[in-house]
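Here is the structure we will look at, set down as structure tokens.
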Amino acid sequence: MRCLAGLLLLCVYTPGVEGGGSGYDTFVHDGTPALKLTDIGDDFVRHLICAIPLLLVGIMSLLFVLVLRSKLMSKATGKDIQVDKLDYLASKVKSGSIAFLTEEYKYLAVYVVIWAIVVAVLFSIVPMKKDAATDGVRCAACLIIGALMSG
């Protein structure tokens, strides 16, 4: 739960520069964190403090993608500029890229399954918490879910 404290410290403090490199000499890093999450008693508030910056960055990223998509979709295509060969070439590129991704995901699926088995075995033998028999299965499931979500 130290994610925001580390992020705040990284944003405010640049090593070797007083004032965090911002031009202000009011902040001198003495080793104390900018925010101690352990002092916040409510778990919900701690989680909220950690999640809000990530949520805001995610929303800004989605807005950026929407702006870029709208600009791209407003551009003329092959039939709009009377160049039908351009649409033909675009369809060939699209079908080739889909074929490539299909083949790549076949190999990637095998790779992920192998690593999921390795992770399950390793974390079952040496669990993260003492007497936690489900660590291997949970870690393998997280690896598989992460791989599915990234593809």
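Chain labels A, B, ... are given in the sequence in which chains occur in the structure tokens; within each chain residues are numbered consecutively from 1, and ligands are likewise numbered from 1 in the order shown.
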Exercise for the section: Skip Val119 of chain A itself and residues of its chain fewer than 3 positions away, then list as a list in words all residues within 10 Å of it, counting only C-alpha atoms. Expected result: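 Listed by chain and then number, they are Val113, Ile114, Trp115, Ala116, Leu122, Phe123, Ser124, Ile125, Asp135, Gly136, Val137, Arg138, Cys139, Ala140, Ala141 and Leu143 of chain A.
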Practice task
Could you jot down the atom CA of Val112 of chain A to atom CA of Cys142 of chain A separation for me, Å, one decimal place?
Solution key: 11.2 Å
Problem - Expected answer as an MDAnalysis selection string: alpha helix (DSSP H) residues in chain A - result: chainID A and resid 3:12 43:73 84:125 135:150
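Put simply, atom CA of Leu101 of chain A is 14.0 Å away from atom CA of Leu148 of chain A.
Checking A:Phe64, A:Lys92, A:Ala109, A:Met128 one by one against Ile145 of chain A, counting only C-alpha atoms, you find the shortest gap at A:Ala109.
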